[in-house]
file data-v9.txt (compact mmCIF, N, CA and C atoms)
# COMPACT_ATOMS: atom_id res chain seq x y z
N MET Z 1 -5.63 104.79 -12.27
CA MET Z 1 -5.78 103.76 -11.28
C MET Z 1 -4.38 103.32 -10.82
N LYS Z 2 -4.27 102.91 -9.56
CA LYS Z 2 -3.02 102.37 -9.03
C LYS Z 2 -3.34 101.21 -8.11
N ILE Z 3 -2.38 100.35 -7.90
CA ILE Z 3 -2.56 99.24 -6.97
C ILE Z 3 -2.53 99.80 -5.56
N GLY Z 4 -3.51 99.43 -4.76
CA GLY Z 4 -3.61 99.94 -3.40
C GLY Z 4 -2.60 99.33 -2.45
N HIS Z 5 -2.52 98.00 -2.45
CA HIS Z 5 -1.54 97.31 -1.60
C HIS Z 5 -1.42 95.86 -2.05
N ILE Z 6 -0.40 95.20 -1.56
CA ILE Z 6 -0.18 93.77 -1.74
C ILE Z 6 -0.43 93.13 -0.37
N ALA Z 7 -1.07 91.97 -0.36
CA ALA Z 7 -1.33 91.28 0.90
C ALA Z 7 -0.88 89.84 0.81
N PHE Z 8 -0.37 89.32 1.92
CA PHE Z 8 -0.04 87.90 1.97
C PHE Z 8 -0.20 87.37 3.38
N TRP Z 9 -0.47 86.04 3.44
CA TRP Z 9 -0.62 85.34 4.71
C TRP Z 9 0.76 85.06 5.29
N THR Z 10 0.84 85.05 6.60
CA THR Z 10 2.10 84.77 7.27
C THR Z 10 1.84 83.90 8.50
N ALA Z 11 2.79 83.06 8.82
CA ALA Z 11 2.69 82.23 10.02
C ALA Z 11 3.07 83.02 11.27
N ASP Z 12 4.03 83.94 11.14
CA ASP Z 12 4.52 84.70 12.30
C ASP Z 12 4.39 86.19 12.00
N LEU Z 13 3.26 86.73 12.36
CA LEU Z 13 2.92 88.12 12.05
C LEU Z 13 3.94 89.11 12.61
N GLU Z 14 4.33 88.94 13.85
CA GLU Z 14 5.25 89.88 14.49
C GLU Z 14 6.65 89.82 13.87
N LYS Z 15 7.13 88.63 13.57
CA LYS Z 15 8.45 88.48 12.96
C LYS Z 15 8.49 89.14 11.59
N MET Z 16 7.44 88.94 10.80
CA MET Z 16 7.39 89.53 9.47
C MET Z 16 7.29 91.05 9.57
N LYS Z 17 6.48 91.56 10.47
CA LYS Z 17 6.36 93.01 10.65
C LYS Z 17 7.72 93.60 11.01
N ASP Z 18 8.39 92.99 11.96
CA ASP Z 18 9.70 93.49 12.40
C ASP Z 18 10.73 93.47 11.28
N PHE Z 19 10.71 92.46 10.42
CA PHE Z 19 11.64 92.37 9.29
C PHE Z 19 11.47 93.55 8.36
N TYR Z 20 10.24 93.85 7.96
CA TYR Z 20 10.01 94.94 7.01
C TYR Z 20 10.24 96.32 7.62
N ILE Z 21 10.03 96.45 8.92
CA ILE Z 21 10.35 97.70 9.60
C ILE Z 21 11.86 97.89 9.68
N LYS Z 22 12.56 96.86 10.13
CA LYS Z 22 14.02 96.96 10.35
C LYS Z 22 14.79 97.21 9.05
N TYR Z 23 14.49 96.46 8.01
CA TYR Z 23 15.32 96.51 6.81
C TYR Z 23 14.80 97.46 5.73
N PHE Z 24 13.51 97.73 5.70
CA PHE Z 24 12.95 98.53 4.61
C PHE Z 24 12.22 99.78 5.07
N GLY Z 25 12.31 100.09 6.36
CA GLY Z 25 11.76 101.34 6.86
C GLY Z 25 10.25 101.42 6.88
N ALA Z 26 9.58 100.29 6.92
CA ALA Z 26 8.11 100.29 6.97
C ALA Z 26 7.63 100.93 8.27
N VAL Z 27 6.46 101.50 8.20
CA VAL Z 27 5.77 102.01 9.38
C VAL Z 27 4.48 101.20 9.49
N SER Z 28 4.23 100.68 10.67
CA SER Z 28 3.08 99.80 10.87
C SER Z 28 1.92 100.53 11.54
N ASN Z 29 0.72 100.14 11.15
CA ASN Z 29 -0.44 100.61 11.89
C ASN Z 29 -0.61 99.72 13.12
N ASP Z 30 -1.62 100.00 13.93
CA ASP Z 30 -1.93 99.13 15.05
C ASP Z 30 -2.51 97.82 14.52
N LYS Z 31 -2.26 96.74 15.23
CA LYS Z 31 -2.75 95.45 14.79
C LYS Z 31 -4.28 95.43 14.77
N TYR Z 32 -4.84 94.93 13.68
CA TYR Z 32 -6.27 94.70 13.58
C TYR Z 32 -6.55 93.26 14.00
N ARG Z 33 -7.58 93.08 14.82
CA ARG Z 33 -7.97 91.74 15.26
C ARG Z 33 -9.46 91.56 15.04
N ASN Z 34 -9.83 90.41 14.47
CA ASN Z 34 -11.24 90.05 14.35
C ASN Z 34 -11.46 88.86 15.27
N PRO Z 35 -12.13 89.06 16.41
CA PRO Z 35 -12.28 87.97 17.38
C PRO Z 35 -13.14 86.81 16.86
N LYS Z 36 -14.00 87.06 15.90
CA LYS Z 36 -14.86 85.98 15.38
C LYS Z 36 -14.09 85.01 14.50
N THR Z 37 -13.19 85.54 13.66
CA THR Z 37 -12.46 84.68 12.72
C THR Z 37 -11.03 84.37 13.14
N GLY Z 38 -10.50 85.14 14.08
CA GLY Z 38 -9.11 84.98 14.48
C GLY Z 38 -8.14 85.72 13.57
N LEU Z 39 -8.67 86.44 12.58
CA LEU Z 39 -7.82 87.20 11.67
C LEU Z 39 -7.09 88.31 12.43
N GLN Z 40 -5.79 88.44 12.12
CA GLN Z 40 -4.97 89.53 12.63
C GLN Z 40 -4.19 90.09 11.45
N THR Z 41 -4.10 91.42 11.35
CA THR Z 41 -3.38 92.02 10.24
C THR Z 41 -2.61 93.25 10.68
N TYR Z 42 -1.61 93.57 9.89
CA TYR Z 42 -0.91 94.85 9.95
C TYR Z 42 -0.85 95.40 8.53
N PHE Z 43 -0.99 96.70 8.40
CA PHE Z 43 -0.65 97.39 7.17
C PHE Z 43 0.71 98.03 7.39
N LEU Z 44 1.64 97.73 6.49
CA LEU Z 44 2.97 98.30 6.54
C LEU Z 44 3.09 99.31 5.42
N SER Z 45 3.39 100.55 5.78
CA SER Z 45 3.48 101.63 4.80
C SER Z 45 4.94 102.04 4.62
N PHE Z 46 5.26 102.37 3.37
CA PHE Z 46 6.63 102.76 3.02
C PHE Z 46 6.64 104.21 2.56
N LYS Z 47 7.82 104.81 2.62
CA LYS Z 47 7.98 106.22 2.28
C LYS Z 47 7.42 106.57 0.91
N SER Z 48 7.50 105.64 -0.02
CA SER Z 48 7.02 105.87 -1.40
C SER Z 48 5.50 105.92 -1.49
N GLY Z 49 4.82 105.47 -0.43
CA GLY Z 49 3.36 105.37 -0.47
C GLY Z 49 2.88 103.95 -0.66
N ALA Z 50 3.77 103.03 -1.01
CA ALA Z 50 3.39 101.63 -1.19
C ALA Z 50 3.01 101.03 0.16
N GLN Z 51 2.15 100.01 0.11
CA GLN Z 51 1.73 99.32 1.33
C GLN Z 51 1.72 97.81 1.12
N ILE Z 52 2.02 97.10 2.20
CA ILE Z 52 1.89 95.65 2.26
C ILE Z 52 0.97 95.36 3.44
N GLU Z 53 0.02 94.47 3.23
CA GLU Z 53 -0.80 93.98 4.34
C GLU Z 53 -0.33 92.57 4.65
N ILE Z 54 0.09 92.34 5.88
CA ILE Z 54 0.46 90.99 6.30
C ILE Z 54 -0.66 90.47 7.19
N MET Z 55 -1.02 89.21 6.97
CA MET Z 55 -2.22 88.67 7.62
C MET Z 55 -1.93 87.30 8.22
N ASN Z 56 -2.62 87.01 9.32
CA ASN Z 56 -2.53 85.71 9.97
C ASN Z 56 -3.93 85.31 10.40
N ARG Z 57 -4.22 84.04 10.23
CA ARG Z 57 -5.53 83.51 10.65
C ARG Z 57 -5.33 82.02 10.92
N PRO Z 58 -5.90 81.50 12.00
CA PRO Z 58 -5.61 80.12 12.39
C PRO Z 58 -6.04 79.06 11.38
N ASP Z 59 -7.01 79.34 10.54
CA ASP Z 59 -7.48 78.32 9.61
C ASP Z 59 -6.82 78.39 8.23
N VAL Z 60 -5.80 79.23 8.06
CA VAL Z 60 -5.08 79.30 6.79
C VAL Z 60 -4.02 78.20 6.78
N ILE Z 61 -4.04 77.42 5.74
CA ILE Z 61 -3.10 76.31 5.60
C ILE Z 61 -1.78 76.85 5.07
N LEU Z 62 -0.71 76.53 5.76
CA LEU Z 62 0.61 76.96 5.32
C LEU Z 62 1.10 76.04 4.22
N GLU Z 63 1.68 76.63 3.19
CA GLU Z 63 2.20 75.87 2.07
C GLU Z 63 3.47 75.16 2.48
N THR Z 64 3.57 73.90 2.10
CA THR Z 64 4.75 73.13 2.47
C THR Z 64 5.61 72.77 1.27
N GLN Z 65 5.22 73.19 0.07
CA GLN Z 65 6.06 72.84 -1.09
C GLN Z 65 7.36 73.62 -1.04
N ASN Z 66 8.32 73.13 -1.76
CA ASN Z 66 9.65 73.74 -1.80
C ASN Z 66 9.54 75.20 -2.25
N TYR Z 67 10.01 76.12 -1.45
CA TYR Z 67 9.89 77.55 -1.75
C TYR Z 67 10.74 77.98 -2.95
N LEU Z 68 11.69 77.16 -3.36
CA LEU Z 68 12.51 77.52 -4.51
C LEU Z 68 11.90 77.06 -5.83
N GLU Z 69 10.84 76.24 -5.77
CA GLU Z 69 10.17 75.82 -7.00
C GLU Z 69 9.33 76.96 -7.54
N ARG Z 70 9.30 77.06 -8.85
CA ARG Z 70 8.43 78.06 -9.47
C ARG Z 70 7.01 77.52 -9.46
N ARG Z 71 6.06 78.40 -9.19
CA ARG Z 71 4.66 78.00 -9.20
C ARG Z 71 3.81 79.16 -9.66
N GLN Z 72 2.62 78.84 -10.07
CA GLN Z 72 1.70 79.86 -10.55
C GLN Z 72 1.26 80.75 -9.39
N GLY Z 73 0.97 82.01 -9.68
CA GLY Z 73 0.50 82.94 -8.66
C GLY Z 73 1.56 83.97 -8.31
N PHE Z 74 1.55 84.42 -7.09
CA PHE Z 74 2.47 85.45 -6.62
C PHE Z 74 3.91 85.05 -6.91
N ALA Z 75 4.68 85.94 -7.51
CA ALA Z 75 6.07 85.64 -7.85
C ALA Z 75 7.04 86.36 -6.92
N HIS Z 76 6.94 87.68 -6.82
CA HIS Z 76 7.85 88.45 -5.98
C HIS Z 76 7.34 89.89 -5.90
N PHE Z 77 7.96 90.66 -5.03
CA PHE Z 77 7.81 92.11 -5.10
C PHE Z 77 9.18 92.72 -4.93
N ALA Z 78 9.32 93.95 -5.41
CA ALA Z 78 10.64 94.57 -5.48
C ALA Z 78 10.69 95.86 -4.68
N PHE Z 79 11.83 96.09 -4.06
CA PHE Z 79 12.12 97.35 -3.40
C PHE Z 79 13.12 98.10 -4.26
N GLU Z 80 12.76 99.31 -4.68
CA GLU Z 80 13.66 100.12 -5.48
C GLU Z 80 14.69 100.78 -4.58
N MET Z 81 15.94 100.62 -4.96
CA MET Z 81 17.05 101.19 -4.21
C MET Z 81 17.55 102.43 -4.95
N GLU Z 82 18.30 103.29 -4.26
CA GLU Z 82 18.77 104.55 -4.84
C GLU Z 82 19.85 104.37 -5.90
N ASN Z 83 20.66 103.30 -5.78
CA ASN Z 83 21.74 103.05 -6.73
C ASN Z 83 22.21 101.61 -6.57
N SER Z 84 23.12 101.19 -7.42
CA SER Z 84 23.60 99.81 -7.38
C SER Z 84 24.37 99.52 -6.08
N GLU Z 85 25.05 100.52 -5.55
CA GLU Z 85 25.79 100.32 -4.30
C GLU Z 85 24.83 99.98 -3.16
N GLU Z 86 23.63 100.58 -3.16
CA GLU Z 86 22.63 100.28 -2.13
C GLU Z 86 22.11 98.85 -2.28
N VAL Z 87 21.97 98.37 -3.51
CA VAL Z 87 21.58 96.97 -3.73
C VAL Z 87 22.63 96.06 -3.11
N ASP Z 88 23.90 96.33 -3.40
CA ASP Z 88 24.99 95.52 -2.84
C ASP Z 88 25.01 95.57 -1.32
N LYS Z 89 24.89 96.77 -0.78
CA LYS Z 89 24.95 96.98 0.68
C LYS Z 89 23.81 96.24 1.39
N MET Z 90 22.58 96.38 0.89
CA MET Z 90 21.43 95.73 1.52
C MET Z 90 21.51 94.21 1.36
N THR Z 91 21.99 93.75 0.22
CA THR Z 91 22.16 92.31 0.01
C THR Z 91 23.11 91.74 1.05
N GLU Z 92 24.24 92.40 1.26
CA GLU Z 92 25.21 91.92 2.24
C GLU Z 92 24.69 91.99 3.67
N LEU Z 93 23.97 93.07 3.99
CA LEU Z 93 23.39 93.19 5.33
C LEU Z 93 22.42 92.05 5.61
N LEU Z 94 21.55 91.77 4.66
CA LEU Z 94 20.59 90.68 4.85
C LEU Z 94 21.29 89.32 4.93
N ARG Z 95 22.30 89.11 4.09
CA ARG Z 95 23.07 87.86 4.14
C ARG Z 95 23.72 87.69 5.52
N GLN Z 96 24.37 88.76 6.01
CA GLN Z 96 25.06 88.70 7.30
C GLN Z 96 24.09 88.45 8.46
N ASN Z 97 22.82 88.85 8.27
CA ASN Z 97 21.82 88.64 9.30
C ASN Z 97 21.04 87.34 9.11
N GLY Z 98 21.54 86.47 8.24
CA GLY Z 98 21.01 85.12 8.12
C GLY Z 98 19.91 84.90 7.10
N TYR Z 99 19.65 85.88 6.25
CA TYR Z 99 18.61 85.71 5.23
C TYR Z 99 19.23 85.14 3.96
N MET Z 100 18.46 84.31 3.25
CA MET Z 100 18.97 83.63 2.07
C MET Z 100 19.01 84.57 0.87
N VAL Z 101 20.18 84.63 0.25
CA VAL Z 101 20.33 85.36 -1.01
C VAL Z 101 20.11 84.33 -2.11
N GLN Z 102 19.01 84.47 -2.82
CA GLN Z 102 18.69 83.51 -3.87
C GLN Z 102 19.33 83.89 -5.20
N GLY Z 103 19.56 85.19 -5.40
CA GLY Z 103 20.21 85.66 -6.62
C GLY Z 103 21.19 86.76 -6.29
N GLU Z 104 22.44 86.55 -6.61
CA GLU Z 104 23.47 87.54 -6.31
C GLU Z 104 23.25 88.81 -7.14
N PRO Z 105 23.73 89.97 -6.65
CA PRO Z 105 23.59 91.21 -7.42
C PRO Z 105 24.16 91.05 -8.83
N ARG Z 106 23.39 91.55 -9.79
CA ARG Z 106 23.78 91.40 -11.19
C ARG Z 106 23.01 92.39 -12.04
N MET Z 107 23.50 92.61 -13.23
CA MET Z 107 22.81 93.44 -14.22
C MET Z 107 21.91 92.53 -15.03
N THR Z 108 20.64 92.89 -15.17
CA THR Z 108 19.71 92.08 -15.95
C THR Z 108 19.65 92.59 -17.38
N GLY Z 109 19.07 91.81 -18.24
CA GLY Z 109 18.94 92.18 -19.64
C GLY Z 109 17.96 93.31 -19.88
N ASP Z 110 17.09 93.58 -18.90
CA ASP Z 110 16.10 94.66 -19.08
C ASP Z 110 16.49 95.94 -18.36
N GLY Z 111 17.77 96.09 -18.02
CA GLY Z 111 18.26 97.36 -17.51
C GLY Z 111 18.22 97.55 -16.01
N TYR Z 112 18.02 96.49 -15.26
CA TYR Z 112 18.00 96.59 -13.81
C TYR Z 112 19.25 95.96 -13.21
N TYR Z 113 19.74 96.57 -12.14
CA TYR Z 113 20.76 95.95 -11.31
C TYR Z 113 19.98 95.41 -10.13
N GLU Z 114 20.06 94.11 -9.87
CA GLU Z 114 19.20 93.53 -8.85
C GLU Z 114 19.82 92.35 -8.14
N SER Z 115 19.29 92.08 -6.96
CA SER Z 115 19.56 90.83 -6.25
C SER Z 115 18.21 90.29 -5.79
N VAL Z 116 18.22 89.02 -5.39
CA VAL Z 116 16.99 88.37 -4.96
C VAL Z 116 17.22 87.79 -3.57
N ILE Z 117 16.34 88.15 -2.64
CA ILE Z 117 16.44 87.77 -1.23
C ILE Z 117 15.15 87.04 -0.84
N LEU Z 118 15.25 86.13 0.11
CA LEU Z 118 14.05 85.51 0.68
C LEU Z 118 13.82 86.09 2.06
N ASP Z 119 12.59 86.54 2.32
CA ASP Z 119 12.27 87.10 3.64
C ASP Z 119 12.14 85.96 4.65
N PRO Z 120 11.79 86.24 5.92
CA PRO Z 120 11.77 85.18 6.93
C PRO Z 120 10.85 84.01 6.61
N GLU Z 121 9.84 84.21 5.77
CA GLU Z 121 8.95 83.11 5.41
C GLU Z 121 9.07 82.74 3.93
N TYR Z 122 10.21 83.09 3.35
CA TYR Z 122 10.60 82.68 2.00
C TYR Z 122 9.79 83.33 0.88
N ASN Z 123 9.20 84.49 1.14
CA ASN Z 123 8.65 85.28 0.05
C ASN Z 123 9.84 85.87 -0.70
N ILE Z 124 9.72 85.95 -2.01
CA ILE Z 124 10.82 86.42 -2.85
C ILE Z 124 10.78 87.94 -2.97
N LEU Z 125 11.89 88.57 -2.58
CA LEU Z 125 12.03 90.02 -2.68
C LEU Z 125 13.16 90.34 -3.64
N GLU Z 126 12.93 91.28 -4.52
CA GLU Z 126 14.01 91.78 -5.36
C GLU Z 126 14.44 93.14 -4.81
N LEU Z 127 15.74 93.35 -4.76
CA LEU Z 127 16.30 94.66 -4.46
C LEU Z 127 16.77 95.19 -5.80
N VAL Z 128 16.18 96.27 -6.28
CA VAL Z 128 16.44 96.70 -7.65
C VAL Z 128 16.86 98.16 -7.73
N TYR Z 129 17.69 98.42 -8.74
CA TYR Z 129 18.03 99.77 -9.14
C TYR Z 129 17.81 99.81 -10.65
N ASN Z 130 16.99 100.73 -11.11
CA ASN Z 130 16.71 100.85 -12.54
C ASN Z 130 17.85 101.59 -13.21
N ALA Z 131 18.84 100.84 -13.62
CA ALA Z 131 20.04 101.42 -14.22
C ALA Z 131 19.75 102.09 -15.55
N SER Z 132 18.73 101.65 -16.25
CA SER Z 132 18.43 102.24 -17.56
C SER Z 132 17.91 103.67 -17.45
N GLU Z 133 17.44 104.07 -16.27
CA GLU Z 133 16.96 105.44 -16.05
C GLU Z 133 18.05 106.39 -15.62
N SER Z 134 19.23 105.86 -15.28
CA SER Z 134 20.33 106.69 -14.81
C SER Z 134 21.09 107.26 -16.00
N LYS Z 135 21.27 108.56 -16.01
CA LYS Z 135 22.01 109.21 -17.11
C LYS Z 135 23.50 108.91 -17.03
N ASN Z 136 24.00 108.60 -15.83
CA ASN Z 136 25.43 108.35 -15.66
C ASN Z 136 25.69 106.86 -15.42
N CYS Z 137 24.88 106.02 -15.99
CA CYS Z 137 24.96 104.59 -15.73
C CYS Z 137 26.15 103.95 -16.43
N ALA Z 138 26.97 103.25 -15.67
CA ALA Z 138 28.13 102.58 -16.25
C ALA Z 138 27.79 101.18 -16.71
N PHE Z 139 26.55 100.72 -16.49
CA PHE Z 139 26.18 99.34 -16.82
C PHE Z 139 25.67 99.20 -18.24
N ILE Z 140 25.30 100.28 -18.90
CA ILE Z 140 24.67 100.17 -20.22
C ILE Z 140 25.66 100.53 -21.31
call {"tool": "encode", "arguments": {"input": "data-v9.txt", "output": "structure tokens"}}
result
Amino acid sequence: MKIGHIAFWTADLEKMKDFYIKYFGAVSNDKYRNPKTGLQTYFLSFKSGAQIEIMNRPDVILETQNYLERRQGFAHFAFEMENSEEVDKMTELLRQNGYMVQGEPRMTGDGYYESVILDPEYNILELVYNASESKNCAFI
């Protein structure tokens, strides 16, 4: 068994779609619209086979609590990068384009080199490189 996709609600469907296409190479399907409920969705597919469904519907209440507070439920999702240099490069690109870097690139205790970024609607994204799987890893 494998996870089919991750889905989340968004206030600005087009902005979120464009973000994941521009920075992470997503490919989008055509927008789905349900005229009865007002639901609109895109499935964003990535080269690895992973998918994200982004959804918008007029009756969904947007959360107003502080996005930096920890809360129960969805925590983050991670994009695997080819190496630590790619983590650094993507972190800087996103910073230069106005996205918040919540965690600077660093080596974690569980063998990952990672940074933490907030997408346009403050969903937490990790940019990760699994350094423990690299035979030539200088971090371990």
call {"tool": "residues_around", "arguments": {"input": "data-v9.txt", "residues": "stretch 43-51 of chain Z", "least_positions_apart": "4", "cutoff": "7 Å", "atoms": "only C-alpha atoms", "output": "list in words"}}
result
His5, Ile6, Gly25, Ala26, Val27, Ser28 and Asn29 of chain Z
call {"tool": "closest_residue", "arguments": {"input": "data-v9.txt", "among": "Z:Leu94, Z:Val101, Z:Met107, Z:Met81", "to": "Z:Asn130", "atoms": "only N, CA and C atoms"}}
result
Z:Met81
call {"tool": "select_by_dssp", "arguments": {"input": "data-v9.txt", "residues": "chain Z", "states": "alpha helix (DSSP H)", "output": "list in words"}}
result
Leu13, Glu14, Lys15, Met16, Lys17, Asp18, Phe19, Tyr20, Ile21, Lys22, Tyr23, Phe24, Ser84, Glu85, Glu86, Val87, Asp88, Lys89, Met90, Thr91, Glu92, Leu93, Leu94, Arg95 and Gln96 of chain Z
call {"tool": "closest_residue", "arguments": {"input": "data-v9.txt", "among": "Z:Met100, Z:Ala131, Z:Ile124, Z:Ile52", "to": "Z:Tyr112", "atoms": "only C-alpha atoms"}}
result
Z:Ala131
call {"tool": "residues_near_point", "arguments": {"input": "data-v9.txt", "point": "(-6.4, 78.8, 3.7)", "cutoff": "12 Å", "atoms": "only C-alpha atoms", "output": "PyMOL selection string"}}
result
chain Z and resi 8-11+39+55-63
